[in-house]
Structure formats: C-alpha cells, structure tokens
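*Asks:* Below is the structure I would like to discuss, written out as structure tokens.
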Amino acid sequence: MRLGNVFYLSLLFGACWGAIVTLLGTLLALFISGEPFQPKVSAGALAGFVSAGVLTFVPPVKRQIGWVALSALIFLVVLTIATGVQPLGQPLTHFAIGQLIFSVMISFFSVHAVHLTVRGFGPDREKRYNLEVIGLRFLKGFGLVAFTIAVALPFFIMVMMSLKNQQLLLSNPLDFSLDIGQGAAALFRSYVELFTEYHFGSYLLNSAFVSVATVAITLFFAVPGAYAVARLKFPGQAFLSRSILLIYMVPMIVLVIPLYAIFSQLGMRNTLWGLLLVYPATTIPVALYMLQGYFRGIPAELEEAGLMDGLNRLSVIIKITLPLALPALASVALYVFMIAWNEFLFAFMFLDNVDIYTLSRGIAELNNAEVPRQHLMAGAVIATVPVLALFLWFERFLVAGLTAGSVKG
C-alpha cells in the first residue's frame with residue numbers, strides 16, 4: 001500500500017497532540033497532587049508520533065474502538081520507555097498509583113485527539129481537500145483546548161487558593177491539592193472571615209442594588225428609545241441610529257476626572273446614587289443599539305394590526321412588542337448587569353466609605369500586604385460565581401437575543 005500525505009500529516013499532528021496533552025496532563029497532576037512532576041514533552045511527542053502512525057495505518061472502516069485502545073496502549077508503552085519509566089518526570093516508585101492514572105489519561109486523550117483529527121481518512125487518500133479538513137480539525141481542537149485552559153485554569157487556581165491557608169501557600173505555591181480531612185470549617189475559613197471581618201455581605205448587597213437598578217434604568221430608557229429609532233419617523237432618525245455608540249469613542253478614563261470634580265461639588269461623589277447616574281450613561285447606548293436591531297426584526301404588520309384593533313402606541317409596545325422581544329430584553333439585561341457588577345474604575349474613584357463599597361471596590365481593598373492571599377482569591381470567587389451562574393442560566397436568551405436582530409424580516 002502506498003502511503004499518502006494524509007498519513008504523514010497525521011504523524012505530525014500526532015506528535016503535536018502527544019506533546020500538548022503530555023504537558024497539560026503533567027501540569028494537572030502537579031496542581032492536584034502537589035508533587036514535583038516535570039512534563040516530558042519530547043517523550044510525549046514521540047509517543048504521539050508512533051501511536052498516530054499505528055492508528056492511521058489502517059483504513060477508516062477497520063478503525064474500531066479496539067484499534068484505538070491498542071494505539072493508546074502503544075502510546076503508554078512508548079511514553080514509559082522514552083522517559084526511563086518516569087512518565088511524569090518522577091520514578092514510578094513515587095506516587096505510583098497517581099502516575100499510572102494520569103499516564104493512562106494522557107495516553108487516552110492524546111490518541112482520542114488524533115482519532116478525531118483523522119476520522120474518516122486513511123493512509124492512501126491524498127486529495128488536497130482531505131489535507132485541509134485534517135488541518136482545520138487540528139486547529140479547531142487546539143483552539144478549543146487553548147480557550148478552555150485560558151478560561152478554566154485561572155478559575156481553578158483561584159478556587160484552590162481560596163481553600164488553603166497562608167502557611168501552605170507560602171510553603172508550596174504550586175501545590176493546589178486539598179486536605180479534605182481538615183473539615184469544612186477549615187476549608188471555607190477564608191469565606192467565613194470575609195463576611196465576618198471584611199464586610200463582604202454589605203459589598204454584595206451594594207453591588208446587587210447598583211446592578212439591578214442599573215438594569216432597570218437602562219431598560220426604562222432604552223426600550224422606548226430603541227423602539228422610536230426602529231419604528232417611528234422623525235428628523236435625524238438615521239443619524240441617531242448610526243451615532244448611538246459614539247460615546248464609546250471617548251475612553252472612560254478621560255471622563256472620570258471631570259465627573260469626579262462635578263460630583264464632589266454636588267455632594268454625590270461618595271454615594272451609590274452617583275454610580276446610578278454614571279452606569280446607565282455607559283450602558284444605555286449599547287442597549288439602544290442591541291434592541292433597535294431586534295425591534296426591526298419584528299414584523300410591523302403585527303403592530304399595525306394592534307393599532308387597527310384600537311390599541312394606542314404604548315399599548316402596542318406593552319402587549320405585542322415587548323412579549324416578542326423577551327429574548328432580546330433578557331440578553332440586554334444580562335449584559336448590562338455584568339457591566340455594572342464588574343465595573344471598577346468609577347467605583348474606585350467615587351467611593352471612600354467602606355459601608356457603601358461595591359464588590360469590585362471591596363476586592364481591591366483586599367489587595368494589600370496585610371490581607372492573606374487566600375482572602376483575595378475568595379473575594380474573587382464570590383464576585384465571579386453570581387455572574388457565572390446568571391450567564392449559564394440565561395445563556396439561551398443571550399444567544400437568541402444577540403442573533404435575532406441580525407437578519408431583518
């Protein structure tokens with residue numbers, strides 16, 4: 001059988017996946033166990049190269065689960081031999097069961113990644129289209145892995161550090177393992193101290209009040225404004241529609257100093273009401289822009305039918321337009337809530353009284369030498385989890401609201 005370019009390309013990508021998965025698997029083992037493991041990237045690349053050759057050598061119709069398992073076994077054997085029986089950079093006599101588990105995981109995920117990359121292609125198919133498909137599959141998988149790591153790794157480290165004490169963090173900063181035997185009280189000590197000693201309960205309430213109020217104010221002005229731009233005819237309508245987002249051309253750092261001076265003279269600088277003037281001013285334009293596209297996508301005949309039935313324009317908006325626009329309203333509300341919840345610059349400049357700190361302002365107060373690092377990480381977790389939960393809960397509305405206004409009619 002004459003081997004084609006697909007086979008040789010699979011060898012290259014097999015080496016790449018072997019190196020990548022070996023690196024990530026060893027680092028994960030290091031983080032979880034705290035043991036001084038060292039990634040054997042070159043050995044992983046060699047094992048991926050060999051196992052990819054074995055896997056791709058057979059035609060796709062014969063590439064069943066047993067053949068994939070055999071390739072994974074070959075990967076494990078090559079990795080073990082190439083590292084001198086030290087697959088994770090430590091002798092197997094040290095942390096043997098853990099090394100075996102992580103080595104099997106590395107072998108499985110490496111071969112599975114190669115299998116997904118070359119699925120449906122054999123060693124003798126050389127069409128240029130096949131090579132492009134395999135290349136795109138590799139890039140897609142690599143991008144997905146890189147994005148997942150970029151998102152999940154900081155959150156994982158943040159959570160693990162928040163559950164440790166200062167002594168453990170100083171003795172081994174790379175040890176993110178947890179001692180479950182110490183009990184829940186010791187594990188969650190940082191969180192308890194945040195609420196009992198650092199006023200985090202009031203920070204949460206202040207942020208919740210400001211964020212919910214910002215959402216209400218933004219929708220109160222953005223809904224009629226977006227409807228007017230999308231449906232009504234008036235002088236300057238086209239200019240207003242195109243210039244809604246001009247406010248974002250001015251950096252917030254440029255506005256904060258004049259606003260600081262003005263709010264100080266008006267007596268509104270050290271109050272939450274000052275934030276409720278600034279936040280909607282930054283969120284209403286983007287809410288107008290998002291909602292007007294959705295309103296244009298709603299058939300005008302539905303509203304005209306309501307007007308013919310005797311409804312006035314306000315009743316049409318309340319009874320017809322808004323119920324149809326619920327996905328867009330939910331996505332805009334979530335987006336505005338996230339902006340207000342995470343905003344730091346204005347809160348840092350305007351708030352001096354610890355009793356009215358928002359969550360982001362309170363977390364910044366923890367970033368000093370007198371506060372243990374685990375308290376700062378616990379504060380970051382508390383700030384992240386509510387928004388993450390809301391995002392996951394409203395994800396379907398967010399996707400529908402962002403895409404519904406992209407096509408007219």
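Identifiers in the structure tokens: chain A, B, ... in order shown; residue index from 1 per chain; ligand index from 1 in order shown.
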For Leu334 of chain A, work out the shell of residues within 9 Å, counting only C-alpha atoms and skipping chain neighbours fewer than 5 positions away, then give it as a PyMOL selection string.
*Replies:* chain A and resi 215+329+339+387+390-391+394+398
*Asks:* Grab the residues selected above and save them as a short mmCIF file (atom, residue, chain, number, x, y, z; two decimals), in the first residue's frame with N, CA and C atoms.
*Replies:*
```
data_model
loop_
_atom_site.label_atom_id
_atom_site.label_comp_id
_atom_site.auth_asym_id
_atom_site.auth_seq_id
_atom_site.Cartn_x
_atom_site.Cartn_y
_atom_site.Cartn_z
N VAL A 215 -29.83 48.02 35.56
CA VAL A 215 -30.60 47.29 34.56
C VAL A 215 -31.98 47.92 34.38
N LEU A 329 -34.58 41.38 25.47
CA LEU A 329 -34.58 42.08 26.74
C LEU A 329 -33.75 41.31 27.78
N ILE A 339 -21.91 44.36 33.23
CA ILE A 339 -21.11 45.59 33.20
C ILE A 339 -21.13 46.28 34.55
N VAL A 387 -22.26 36.05 38.68
CA VAL A 387 -22.35 36.39 37.26
C VAL A 387 -22.27 35.13 36.41
N LEU A 390 -25.64 33.38 36.59
CA LEU A 390 -26.64 34.08 35.78
C LEU A 390 -26.39 33.87 34.30
N PHE A 391 -25.13 33.90 33.89
CA PHE A 391 -24.81 33.71 32.48
C PHE A 391 -25.22 32.33 32.01
N PHE A 394 -29.10 32.18 31.77
CA PHE A 394 -29.72 32.97 30.70
C PHE A 394 -29.01 32.80 29.37
N LEU A 398 -29.47 34.85 25.86
CA LEU A 398 -28.39 35.70 25.38
C LEU A 398 -28.09 35.41 23.91
#
```
*Asks:* Tell me which of A:Tyr294, A:Gly141, A:Val336, A:Lys319 sits closest to Gly306 of chain A, counting only C-alpha atoms.
*Replies:* A:Lys319
*Asks:* Kindly provide the residues of segment 17-122 of chain A that approach segment 144-160 of chain A to within 12 Å, each paired with its closest atom pair and their distance in Å to one decimal, based on only C-alpha atoms, listed by chain and increasing number, as a Markdown table.
*Replies:*
```
| residue | atom | partner | partner_atom | distance |
| --- | --- | --- | --- | --- |
| A:Trp17 | CA | A:Val145 | CA | 10.7 |
| A:Ile20 | CA | A:Val145 | CA | 9.5 |
| A:Val21 | CA | A:Val145 | CA | 9.7 |
| A:Leu24 | CA | A:Ile149 | CA | 9.2 |
| A:Gly25 | CA | A:Ile149 | CA | 11.9 |
| A:Leu27 | CA | A:Leu153 | CA | 10.7 |
| A:Leu28 | CA | A:Leu153 | CA | 9.6 |
| A:Phe31 | CA | A:Ile157 | CA | 8.5 |
| A:Ile32 | CA | A:Met160 | CA | 9.3 |
| A:Ser33 | CA | A:Met160 | CA | 11.9 |
| A:Gly34 | CA | A:Met160 | CA | 11.8 |
| A:Phe109 | CA | A:Val145 | CA | 11.7 |
| A:Ala113 | CA | A:Val145 | CA | 10.7 |
```
*Asks:* Create the file for the chosen residues now, containing N, CA, C and O atoms and written as a PDB file, in the first residue's frame.
*Replies:*
```
ATOM      1  N   TRP A  17      -0.211  16.579  19.251  1.00  0.00           N
ATOM      2  CA  TRP A  17      -1.174  16.249  20.305  1.00  0.00           C
ATOM      3  C   TRP A  17      -0.488  15.535  21.462  1.00  0.00           C
ATOM      4  O   TRP A  17      -0.825  15.762  22.642  1.00  0.00           O
ATOM      5  N   ILE A  20       1.257  18.215  23.501  1.00  0.00           N
ATOM      6  CA  ILE A  20       0.313  19.110  24.180  1.00  0.00           C
ATOM      7  C   ILE A  20      -0.352  18.418  25.349  1.00  0.00           C
ATOM      8  O   ILE A  20      -0.413  18.943  26.474  1.00  0.00           O
ATOM      9  N   VAL A  21      -0.879  17.216  25.108  1.00  0.00           N
ATOM     10  CA  VAL A  21      -1.613  16.513  26.166  1.00  0.00           C
ATOM     11  C   VAL A  21      -0.668  16.078  27.286  1.00  0.00           C
ATOM     12  O   VAL A  21      -1.034  16.108  28.467  1.00  0.00           O
ATOM     13  N   LEU A  24      -0.092  19.221  29.407  1.00  0.00           N
ATOM     14  CA  LEU A  24      -1.265  19.589  30.207  1.00  0.00           C
ATOM     15  C   LEU A  24      -1.558  18.554  31.287  1.00  0.00           C
ATOM     16  O   LEU A  24      -1.899  18.912  32.421  1.00  0.00           O
ATOM     17  N   GLY A  25      -1.447  17.261  30.937  1.00  0.00           N
ATOM     18  CA  GLY A  25      -1.713  16.221  31.919  1.00  0.00           C
ATOM     19  C   GLY A  25      -0.740  16.249  33.078  1.00  0.00           C
ATOM     20  O   GLY A  25      -1.126  16.071  34.243  1.00  0.00           O
ATOM     21  N   LEU A  27       0.988  18.903  34.142  1.00  0.00           N
ATOM     22  CA  LEU A  27       0.713  20.093  34.946  1.00  0.00           C
ATOM     23  C   LEU A  27      -0.524  19.900  35.814  1.00  0.00           C
ATOM     24  O   LEU A  27      -0.565  20.350  36.967  1.00  0.00           O
ATOM     25  N   LEU A  28      -1.541  19.230  35.276  1.00  0.00           N
ATOM     26  CA  LEU A  28      -2.737  18.951  36.074  1.00  0.00           C
ATOM     27  C   LEU A  28      -2.402  18.043  37.250  1.00  0.00           C
ATOM     28  O   LEU A  28      -2.884  18.276  38.375  1.00  0.00           O
ATOM     29  N   PHE A  31      -0.662  20.195  39.842  1.00  0.00           N
ATOM     30  CA  PHE A  31      -1.568  21.076  40.576  1.00  0.00           C
ATOM     31  C   PHE A  31      -2.411  20.312  41.589  1.00  0.00           C
ATOM     32  O   PHE A  31      -2.633  20.780  42.707  1.00  0.00           O
ATOM     33  N   ILE A  32      -2.900  19.144  41.181  1.00  0.00           N
ATOM     34  CA  ILE A  32      -3.818  18.405  42.043  1.00  0.00           C
ATOM     35  C   ILE A  32      -3.090  17.726  43.198  1.00  0.00           C
ATOM     36  O   ILE A  32      -3.554  17.733  44.337  1.00  0.00           O
ATOM     37  N   SER A  33      -1.930  17.136  42.906  1.00  0.00           N
ATOM     38  CA  SER A  33      -1.222  16.368  43.940  1.00  0.00           C
ATOM     39  C   SER A  33      -0.195  17.175  44.717  1.00  0.00           C
ATOM     40  O   SER A  33       0.138  16.836  45.849  1.00  0.00           O
ATOM     41  N   GLY A  34       0.338  18.231  44.093  1.00  0.00           N
ATOM     42  CA  GLY A  34       1.399  18.983  44.734  1.00  0.00           C
ATOM     43  C   GLY A  34       2.762  18.352  44.614  1.00  0.00           C
ATOM     44  O   GLY A  34       3.747  18.873  45.149  1.00  0.00           O
ATOM     45  N   PHE A 109      -6.396  10.506  26.002  1.00  0.00           N
ATOM     46  CA  PHE A 109      -6.788  11.778  25.390  1.00  0.00           C
ATOM     47  C   PHE A 109      -5.903  12.121  24.190  1.00  0.00           C
ATOM     48  O   PHE A 109      -6.382  12.736  23.230  1.00  0.00           O
ATOM     49  N   ALA A 113      -7.603  12.451  20.575  1.00  0.00           N
ATOM     50  CA  ALA A 113      -7.463  13.691  19.805  1.00  0.00           C
ATOM     51  C   ALA A 113      -6.990  13.401  18.389  1.00  0.00           C
ATOM     52  O   ALA A 113      -7.495  13.984  17.414  1.00  0.00           O
TER      53      ALA A 113
END
```
*Asks:* So how many Å separate atom CA of Trp341 of chain A and atom CA of Trp273 of chain A, to one decimal?
*Replies:*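 Separating atom CA of Trp341 of chain A from atom CA of Trp273 of chain A is a distance of 15.1 Å.
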*Asks:* Quick one: distance from atom CA of Tyr260 of chain A to atom CA of Met349 of chain A in Å, one decimal?
*Replies:*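 One can read the atom CA of Tyr260 of chain A to atom CA of Met349 of chain A distance as 7.2 Å.
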*Asks:* Give me, please, the distance in Å between atom CA of Ala19 of chain A and atom CA of Val41 of chain A, quoted to one decimal.
*Replies:*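 Going from atom CA of Ala19 of chain A over to atom CA of Val41 of chain A covers 4.8 Å.
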*Asks:* Rank nothing, just name the residue among A:Ala52, A:Leu388, A:Leu326, A:Ile356 nearest to Asn270 of chain A, using only C-alpha atoms.
*Replies:*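 Closest residue, counting only C-alpha atoms: A:Ile356.
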*Asks:* List the spatial neighbours of Thr271 of chain A as a PyMOL selection string - criterion: any atom at most 10 Å away, only C-alpha atoms, same-chain residues fewer than 5 positions off excluded.
*Replies:* chain A and resi 263+276+347+350-353+356-357
*Asks:* Apply DSSP to the backbone of this structure and, from segment 223-358 of chain A, keep only the residues in helix (DSSP H, G or I); write these as a count of residues only.
*Replies:* 109
*Asks:* Measuring atom to atom with only C-alpha atoms, identify which of A:Leu259, A:Ile253, A:Leu291, A:Leu30 is nearest to Gly98 of chain A.
*Replies:*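 So, comparing all the options, the nearest one is A:Leu30.
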